[in-house]
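**Q** Before anything else, here's the structure in question.
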Amino acid sequence: MVYRYVAIGDSLTVGTGALLGTGFVPLYRRMAEMNVRTFVSMENMGVNGLTSGEMLQMISSHPRVRQSLRESDIITISIGGNDLIRTFKASNGIPNASKMTQVLGETRSNVSQIMRHIRQLKGSNEYMVRSIGLYNPYPQVTEAAYWVRQYNSFLNGAGSGNYACAQVYDRFEGRERELLFWDRVHPNARGYRVIAEQLNRTGYYPFS
């Protein structure tokens, strides 16, 4: 018996900012293996800079991605950070509320469609999906916290039953210097370990 773990997402899934093998994906694979008590194979489909719209495109029309998800047992998703960060950068770090509301709405719509595609691909098969909430890469910008929190509360309810969201916001808050890579956007190895631990805490229903 082998469980297949497919990780799809942005640079967090890639593990950018940490040495090879210290991103959250390989760490979480090992944790999953200990919990489901059998070998867990791993496929990492992370893409640096991936936005929710691009992920939706991948999942709806890319045959290899669809096949991998169809055959998977455990799926992790990290998405949404680039949508918000791009809007921030484009507005010199002071985005207006209407622009952020629009981007947040589009991102939520994309993620809802992503979840729907996954449900369709999986049919009645047993599987689990875990999304990863955002930490705030701009702790010095008061407004940033508000939008990140809005998105995180949406992620909490983006699925049911076999779905859970690993929230990392509170774990990173106030510890950015310790948990972020020198680029101050991506986690370092320590930060990725926090993400893997939070994923692990969501449990392994329906597998254990």
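By order of appearance in the structure tokens: chains A, B, ..., then residues from 1 within every chain, and ligands from 1 in the order shown.
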Write out as a VMD selection string all residues of segment 10-197 of chain A that backbone DSSP assigns to strand (DSSP E).

**A** chain A and resid 39 to 46 74 to 78 128 to 132 163 to 166

**Q** Do you know which residues are at most 8 Å from Ile75 of chain A counting only C-alpha atoms, after dropping those on the same chain fewer than 2 positions away, and could you put them as a compact mmCIF listing (two decimals) with C-alpha atoms, in the first residue's frame?

**A**
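Below you can see part.txt, which holds the result:
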```
# COMPACT_ATOMS: atom_id res chain seq x y z
CA TYR A 5 1.17 12.91 -2.01
CA VAL A 6 0.87 15.67 -4.61
CA ALA A 7 1.93 19.20 -3.67
CA ILE A 8 0.71 21.97 -5.94
CA LEU A 69 -4.33 14.91 -8.88
CA SER A 72 -3.31 11.34 -5.48
CA ASP A 73 -4.39 10.54 -1.92
CA ILE A 77 -2.17 23.64 -1.96
CA TYR A 127 -8.49 11.69 -0.39
CA MET A 128 -7.52 14.66 1.75
CA VAL A 129 -6.80 18.27 0.77
CA ARG A 130 -4.83 20.70 2.92
```

**Q** Find the spatial neighbours of Leu56 of chain A, counting only C-alpha atoms, within a cut-off of 10 Å - ignore same-chain residues fewer than 2 positions away - and output them as a ChimeraX atom specification.

**A** /A:51-54,58-62,109-115,117

**Q** The selected residues should be written to file as a PDB file, in the first residue's frame (atoms: C-alpha atoms).

**A**
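So result.pdb came out as:
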```pdb
ATOM      1  CA  THR A  51      -1.005  32.988  -9.089  1.00  0.00           C
ATOM      2  CA  SER A  52      -4.443  31.546  -8.356  1.00  0.00           C
ATOM      3  CA  GLY A  53      -5.539  32.212 -11.949  1.00  0.00           C
ATOM      4  CA  GLU A  54      -2.534  30.315 -13.303  1.00  0.00           C
ATOM      5  CA  MET A  58      -3.155  24.243 -14.748  1.00  0.00           C
ATOM      6  CA  ILE A  59      -5.785  22.195 -12.941  1.00  0.00           C
ATOM      7  CA  SER A  60      -8.516  22.719 -15.527  1.00  0.00           C
ATOM      8  CA  SER A  61      -6.513  22.108 -18.694  1.00  0.00           C
ATOM      9  CA  HIS A  62      -3.093  20.514 -18.064  1.00  0.00           C
ATOM     10  CA  SER A 109     -13.300  32.825  -6.920  1.00  0.00           C
ATOM     11  CA  ASN A 110     -10.255  31.104  -8.476  1.00  0.00           C
ATOM     12  CA  VAL A 111      -9.606  29.023  -5.339  1.00  0.00           C
ATOM     13  CA  SER A 112     -13.270  27.983  -5.140  1.00  0.00           C
ATOM     14  CA  GLN A 113     -13.069  26.808  -8.768  1.00  0.00           C
ATOM     15  CA  ILE A 114      -9.779  24.991  -8.059  1.00  0.00           C
ATOM     16  CA  MET A 115     -11.461  23.123  -5.200  1.00  0.00           C
ATOM     17  CA  HIS A 117     -12.077  20.850 -10.134  1.00  0.00           C
TER      18      HIS A 117
END
```

**Q** I'd like the contact shell of Arg201 of chain A - 10 Å cut-off, only C-alpha atoms, skipping same-chain residues fewer than 6 positions apart - returned as a PyMOL selection string.

**A** chain A and resi 166-167+195

**Q** Would you mind telling me which residue in A:Pro63, A:Pro95, A:Gly23, A:Gly46 lies nearest to Ala144 of chain A when using only C-alpha atoms?

**A**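 When distances to Ala144 of chain A are compared using only C-alpha atoms, the smallest one comes from A:Pro95.
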
**Q** Using only C-alpha atoms, which of the listed residues (A:Ile79, A:Val40, A:Ile85, A:Met55) sits closest to Cys165 of chain A?

**A**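 Nearest candidate to Cys165 of chain A out of A:Ile79, A:Val40, A:Ile85, A:Met55: A:Ile79.
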
**Q** Among the residues of segment 27-121 of chain A, find those DSSP assigns to alpha helix (DSSP H) from the backbone and print them as a ChimeraX atom specification.

**A** /A:27-36,52-61,63-71,81-90,97-121

**Q** Give me, please, the distance in Å between atom CA of Ala164 of chain A and atom CA of Tyr205 of chain A, quoted to one decimal.

**A**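 A separation of 9.5 Å between them.
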
**Q** Looking at only C-alpha atoms, which of A:Phe181, A:Phe24, A:Tyr3, A:Tyr135 is the one that sits closest to Thr38 of chain A?

**A**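 Looking only at the distances to Thr38 of chain A, the closest residue turns out to be A:Tyr3.
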
**Q** Mind running segment 146-202 of chain A against segment 30-35 of chain A at 10 Å and telling me each contacting residue's nearest atom pair with the distance in Å (one decimal), counting only C-alpha atoms, chain and number ascending, as a Markdown table?

**A**
```
| residue | atom | partner | partner_atom | distance |
| --- | --- | --- | --- | --- |
| A:Ala196 | CA | A:Met31 | CA | 8.1 |
| A:Glu197 | CA | A:Met31 | CA | 8.4 |
| A:Leu199 | CA | A:Met31 | CA | 9.3 |
| A:Asn200 | CA | A:Met31 | CA | 6.7 |
```

**Q** Can you spit out the residues from that selection as a compact mmCIF listing (two decimals), in the first residue's frame, using N, CA and C atoms?

**A**
```txt
# COMPACT_ATOMS: atom_id res chain seq x y z
N ALA A 196 5.12 22.86 7.96
CA ALA A 196 4.91 21.41 7.97
C ALA A 196 4.23 20.96 9.26
N GLU A 197 4.66 21.55 10.39
CA GLU A 197 4.06 21.18 11.68
C GLU A 197 2.58 21.57 11.74
N LEU A 199 0.58 21.84 9.17
CA LEU A 199 -0.13 20.88 8.30
C LEU A 199 -0.36 19.58 9.06
N ASN A 200 0.67 19.13 9.73
CA ASN A 200 0.60 17.88 10.48
C ASN A 200 -0.50 17.94 11.55
```

**Q** So which residues touch segment 186-191 of chain A within 10 Å, counting only C-alpha atoms, skipping near sequence neighbours fewer than 5 positions away, as a list in words?

**A**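 The filter keeps Ser11, Leu12, Gly15, Thr16, Gly17, Ala18, Leu19, Leu20, Gly21, Thr22, Gly23, Phe24, Tyr135, Pro137, Val168, Arg171, Phe172, Arg175, Glu176, Arg177, Glu178, Leu179, Leu180, Phe181, Ala196 and Glu197 of chain A.
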
**Q** Find the residues near segment 145-152 of chain A: any atom within 10 Å, counting only C-alpha atoms, skip ones fewer than 3 places away on the same chain, and give them as a ChimeraX atom specification.

**A** /A:80-81,84,97,100-101,104-105,107-108,131-142,155-158,165-169,173

**Q** Suppose you want the space between atom CA of Gly159 of chain A and atom CA of Tyr204 of chain A; what is it in Å?

**A**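 Computed distance, atom CA of Gly159 of chain A to atom CA of Tyr204 of chain A, equals 15.1 Å.
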